[in-house]
>>> print(open('my_file-v1.pdb').read())   # PDB, C-alpha atoms, pLDDT in the B column
ATOM      1  CA  MET A   1      88.928  42.446 126.048  1.00 58.00           C
ATOM      2  CA  LYS A   2      92.504  43.230 125.066  1.00 61.00           C
ATOM      3  CA  LYS A   3      91.321  44.130 121.560  1.00 62.00           C
ATOM      4  CA  ILE A   4      88.760  46.599 122.913  1.00 64.00           C
ATOM      5  CA  PHE A   5      91.350  48.108 125.229  1.00 56.00           C
ATOM      6  CA  SER A   6      93.878  48.330 122.388  1.00 57.00           C
ATOM      7  CA  ILE A   7      91.354  49.913 120.012  1.00 61.00           C
ATOM      8  CA  GLY A   8      90.279  52.384 122.703  1.00 56.00           C
ATOM      9  CA  PHE A   9      93.878  53.265 123.454  1.00 52.00           C
ATOM     10  CA  ILE A  10      94.700  53.748 119.761  1.00 60.00           C
ATOM     11  CA  LEU A  11      91.601  55.911 119.250  1.00 53.00           C
ATOM     12  CA  SER A  12      92.481  57.993 122.302  1.00 56.00           C
ATOM     13  CA  LEU A  13      96.043  58.437 121.070  1.00 47.00           C
ATOM     14  CA  THR A  14      94.806  59.355 117.593  1.00 54.00           C
ATOM     15  CA  LEU A  15      92.390  61.897 119.072  1.00 50.00           C
ATOM     16  CA  VAL A  16      95.149  63.466 121.150  1.00 50.00           C
ATOM     17  CA  MET A  17      97.384  63.695 118.078  1.00 50.00           C
ATOM     18  CA  LEU A  18      94.609  65.228 115.978  1.00 47.00           C
ATOM     19  CA  VAL A  19      93.810  67.802 118.641  1.00 51.00           C
ATOM     20  CA  GLY A  20      97.523  68.589 118.902  1.00 53.00           C
ATOM     21  CA  CYS A  21      97.760  69.030 115.137  1.00 52.00           C
ATOM     22  CA  MET A  22      94.672  71.245 115.114  1.00 61.00           C
ATOM     23  CA  ASN A  23      96.137  73.340 117.930  1.00 71.00           C
ATOM     24  CA  ALA A  24      99.460  73.614 116.100  1.00 74.00           C
ATOM     25  CA  SER A  25      97.619  74.701 112.968  1.00 81.00           C
ATOM     26  CA  GLU A  26      95.579  77.226 114.950  1.00 86.00           C
ATOM     27  CA  ILE A  27      98.753  78.527 116.615  1.00 85.00           C
ATOM     28  CA  ARG A  28     100.429  79.054 113.218  1.00 90.00           C
ATOM     29  CA  LYS A  29      97.311  80.799 111.957  1.00 91.00           C
ATOM     30  CA  LEU A  30      97.213  83.133 114.970  1.00 89.00           C
ATOM     31  CA  GLU A  31     100.938  83.890 114.662  1.00 91.00           C
ATOM     32  CA  GLU A  32     100.439  84.874 111.024  1.00 93.00           C
ATOM     33  CA  GLU A  33      97.419  86.976 111.985  1.00 93.00           C
ATOM     34  CA  ILE A  34      99.438  88.752 114.678  1.00 92.00           C
ATOM     35  CA  GLU A  35     102.228  89.426 112.193  1.00 95.00           C
ATOM     36  CA  ASN A  36      99.721  90.888 109.713  1.00 95.00           C
ATOM     37  CA  TYR A  37      98.232  93.143 112.383  1.00 94.00           C
ATOM     38  CA  GLU A  38     101.706  94.370 113.319  1.00 95.00           C
ATOM     39  CA  TYR A  39     102.484  95.188 109.673  1.00 96.00           C
ATOM     40  CA  LYS A  40      99.164  97.006 109.358  1.00 96.00           C
ATOM     41  CA  LEU A  41      99.968  99.046 112.453  1.00 97.00           C
ATOM     42  CA  GLU A  42     103.320 100.066 110.990  1.00 96.00           C
ATOM     43  CA  ASP A  43     101.632 101.134 107.753  1.00 97.00           C
ATOM     44  CA  TYR A  44      98.929 103.071 109.593  1.00 97.00           C
ATOM     45  CA  GLU A  45     101.510 104.820 111.764  1.00 97.00           C
ATOM     46  CA  ASP A  46     103.543 105.840 108.707  1.00 97.00           C
ATOM     47  CA  GLU A  47     100.408 107.109 106.996  1.00 97.00           C
ATOM     48  CA  LEU A  48      99.368 108.953 110.163  1.00 97.00           C
ATOM     49  CA  GLU A  49     102.763 110.629 110.338  1.00 97.00           C
ATOM     50  CA  ASP A  50     102.476 111.749 106.698  1.00 97.00           C
ATOM     51  CA  TRP A  51      99.021 113.259 107.216  1.00 97.00           C
ATOM     52  CA  GLN A  52     100.113 114.888 110.478  1.00 97.00           C
ATOM     53  CA  ASP A  53     103.008 116.535 108.614  1.00 97.00           C
ATOM     54  CA  ILE A  54     100.575 117.820 105.967  1.00 96.00           C
ATOM     55  CA  TYR A  55      98.285 119.182 108.661  1.00 97.00           C
ATOM     56  CA  ASP A  56     101.144 120.814 110.561  1.00 97.00           C
ATOM     57  CA  ASP A  57     102.507 122.466 107.400  1.00 95.00           C
ATOM     58  CA  ALA A  58      99.066 123.744 106.422  1.00 95.00           C
ATOM     59  CA  LEU A  59      98.416 125.057 109.935  1.00 95.00           C
ATOM     60  CA  SER A  60     101.765 126.833 109.982  1.00 95.00           C
ATOM     61  CA  THR A  61     101.022 128.480 106.632  1.00 91.00           C
ATOM     62  CA  TYR A  62      97.515 129.401 107.724  1.00 93.00           C
ATOM     63  CA  ASN A  63      98.728 130.972 110.957  1.00 93.00           C
ATOM     64  CA  ARG A  64     101.535 132.847 109.196  1.00 91.00           C
ATOM     65  CA  TYR A  65      99.245 134.583 106.674  1.00 89.00           C
ATOM     66  CA  SER A  66      95.879 134.663 108.421  1.00 86.00           C
ATOM     67  CA  TYR A  67      96.243 138.359 109.303  1.00 87.00           C
ATOM     68  CA  SER A  68      96.743 139.445 105.723  1.00 85.00           C
ATOM     69  CA  SER A  69      93.943 141.399 104.096  1.00 86.00           C
ATOM     70  CA  ASP A  70      95.095 140.669 100.538  1.00 89.00           C
ATOM     71  CA  TYR A  71      92.311 139.022  98.529  1.00 91.00           C
ATOM     72  CA  ALA A  72      94.628 136.539  96.754  1.00 90.00           C
ATOM     73  CA  ILE A  73      96.159 135.455 100.040  1.00 89.00           C
ATOM     74  CA  GLN A  74      92.698 135.034 101.598  1.00 91.00           C
ATOM     75  CA  LYS A  75      91.662 132.785  98.683  1.00 92.00           C
ATOM     76  CA  GLU A  76      94.753 130.661  99.187  1.00 92.00           C
ATOM     77  CA  LEU A  77      94.058 130.525 102.924  1.00 93.00           C
ATOM     78  CA  GLU A  78      90.625 129.086 102.147  1.00 94.00           C
ATOM     79  CA  LYS A  79      92.307 126.310 100.169  1.00 93.00           C
ATOM     80  CA  THR A  80      94.761 125.808 103.013  1.00 94.00           C
ATOM     81  CA  LYS A  81      91.877 125.568 105.475  1.00 95.00           C
ATOM     82  CA  ASP A  82      90.223 122.952 103.248  1.00 95.00           C
ATOM     83  CA  MET A  83      93.477 120.980 103.193  1.00 95.00           C
ATOM     84  CA  MET A  84      93.675 121.186 106.981  1.00 96.00           C
ATOM     85  CA  ASP A  85      90.109 119.884 107.267  1.00 96.00           C
ATOM     86  CA  LYS A  86      90.851 117.009 104.894  1.00 97.00           C
ATOM     87  CA  ALA A  87      94.052 116.145 106.745  1.00 97.00           C
ATOM     88  CA  LYS A  88      92.232 116.210 110.084  1.00 97.00           C
ATOM     89  CA  ARG A  89      89.549 113.827 108.744  1.00 97.00           C
ATOM     90  CA  GLU A  90      92.249 111.486 107.467  1.00 97.00           C
ATOM     91  CA  ILE A  91      94.090 111.646 110.790  1.00 97.00           C
ATOM     92  CA  VAL A  92      90.929 110.771 112.716  1.00 97.00           C
ATOM     93  CA  GLY A  93      90.161 107.887 110.332  1.00 97.00           C
ATOM     94  CA  ILE A  94      93.659 106.486 110.536  1.00 97.00           C
ATOM     95  CA  GLN A  95      93.657 106.788 114.326  1.00 98.00           C
ATOM     96  CA  ARG A  96      90.384 104.854 114.400  1.00 97.00           C
ATOM     97  CA  ASN A  97      91.970 102.134 112.240  1.00 96.00           C
ATOM     98  CA  ILE A  98      94.976 102.024 114.559  1.00 97.00           C
ATOM     99  CA  ASP A  99      92.741 101.639 117.603  1.00 96.00           C
ATOM    100  CA  LEU A 100      90.750  98.820 115.971  1.00 96.00           C
ATOM    101  CA  THR A 101      93.870  97.042 114.777  1.00 95.00           C
ATOM    102  CA  GLU A 102      95.434  97.280 118.237  1.00 95.00           C
ATOM    103  CA  THR A 103      92.265  95.762 119.722  1.00 95.00           C
ATOM    104  CA  PHE A 104      92.313  92.896 117.207  1.00 94.00           C
ATOM    105  CA  LEU A 105      96.032  92.404 117.832  1.00 94.00           C
ATOM    106  CA  GLU A 106      95.474  92.127 121.588  1.00 95.00           C
ATOM    107  CA  GLN A 107      92.651  89.630 121.084  1.00 94.00           C
ATOM    108  CA  ALA A 108      94.808  87.515 118.790  1.00 93.00           C
ATOM    109  CA  LYS A 109      97.698  87.590 121.281  1.00 93.00           C
ATOM    110  CA  GLU A 110      95.374  86.533 124.101  1.00 93.00           C
ATOM    111  CA  SER A 111      93.981  83.681 121.984  1.00 90.00           C
ATOM    112  CA  LEU A 112      97.491  82.553 121.104  1.00 89.00           C
ATOM    113  CA  GLU A 113      98.521  82.650 124.740  1.00 90.00           C
ATOM    114  CA  ARG A 114      95.506  80.534 125.734  1.00 88.00           C
ATOM    115  CA  LEU A 115      96.235  77.990 122.993  1.00 84.00           C
ATOM    116  CA  LYS A 116      99.880  77.705 123.987  1.00 83.00           C
ATOM    117  CA  LYS A 117      98.855  77.370 127.621  1.00 83.00           C
ATOM    118  CA  ASP A 118      96.415  74.572 126.761  1.00 75.00           C
ATOM    119  CA  ASN A 119      99.060  72.710 124.781  1.00 65.00           C
TER     120      ASN A 119
END
>>> encode(input="my_file-v1.pdb", output="structure tokens")
Amino acid sequence: MKKIFSIGFILSLTLVMLVGCMNASEIRKLEEEIENYEYKLEDYEDELEDWQDIYDDALSTYNRYSYSSDYAIQKELEKTKDMMDKAKREIVGIQRNIDLTETFLEQAKESLERLKKDN
């Protein structure tokens, strides 16, 4: 009877240790994931700022010369308008990536919090 009790106790202790190790491993994995999401957000925000500057510069130029009737200026304004459209598409795409990354970051933080709470 003592052997069965001892074996059961050792198995229970081993199981608890294994679950603890798996949780610790999962916690490290989630912490790394969170760090990666934060780096991605920084990169996206820098890229968004760059494209917003391009858009703002193009819009300023477009507004400054849009009343000109000179053919050469009108041709350049068409190119400027194309650049504004491209910049706007990039801005929308980057903003979408930021929103998705923020959602994934929140989910990872919630998972990490639950794991730490369970430990």
>>> resolve_selection(input="my_file-v1.pdb", expression="the PyMOL selection byres ((chain A and resi 30-44) around 10)", output="ChimeraX atom specification")
/A:24-29,45-50,91,94-113,115
>>> axis_aligned_box(input="my_file-v1.pdb", around="region 53-60 of chain A", padding_each_side="3 Å", output="JSON")
{"center_x": 100.6, "center_y": 121.7, "center_z": 108.3, "size_x": 10.7, "size_y": 16.3, "size_z": 10.6}
>>> residues_around(input="my_file-v1.pdb", residues="Arg64 (chain A)", least_positions_apart="5", cutoff="12 Å", atoms="all atoms listed in the file", output="list in words")
Asp57, Ala58, Leu59, Ile73, Gln74, Leu77 and Thr80 of chain A
>>> write_last_selection(input="my_file-v1.pdb", atoms="C-alpha atoms", output="PDB file, keeping the file's coordinate frame")
ATOM      1  CA  ASP A  57     102.507 122.466 107.400  1.00 95.00           C
ATOM      2  CA  ALA A  58      99.066 123.744 106.422  1.00 95.00           C
ATOM      3  CA  LEU A  59      98.416 125.057 109.935  1.00 95.00           C
ATOM      4  CA  ILE A  73      96.159 135.455 100.040  1.00 89.00           C
ATOM      5  CA  GLN A  74      92.698 135.034 101.598  1.00 91.00           C
ATOM      6  CA  LEU A  77      94.058 130.525 102.924  1.00 93.00           C
ATOM      7  CA  THR A  80      94.761 125.808 103.013  1.00 94.00           C
TER       8      THR A  80
END
>>> atom_distance(input="my_file-v1.pdb", atom1="CA of Asp82 (chain A)", atom2="CA of Thr61 (chain A)")
12.6 Å
>>> atom_distance(input="my_file-v1.pdb", atom1="CA of Lys88 (chain A)", atom2="CA of Ile54 (chain A)")
9.4 Å
>>> atom_distance(input="my_file-v1.pdb", atom1="CA of Ala72 (chain A)", atom2="CA of Asp56 (chain A)")
21.9 Å
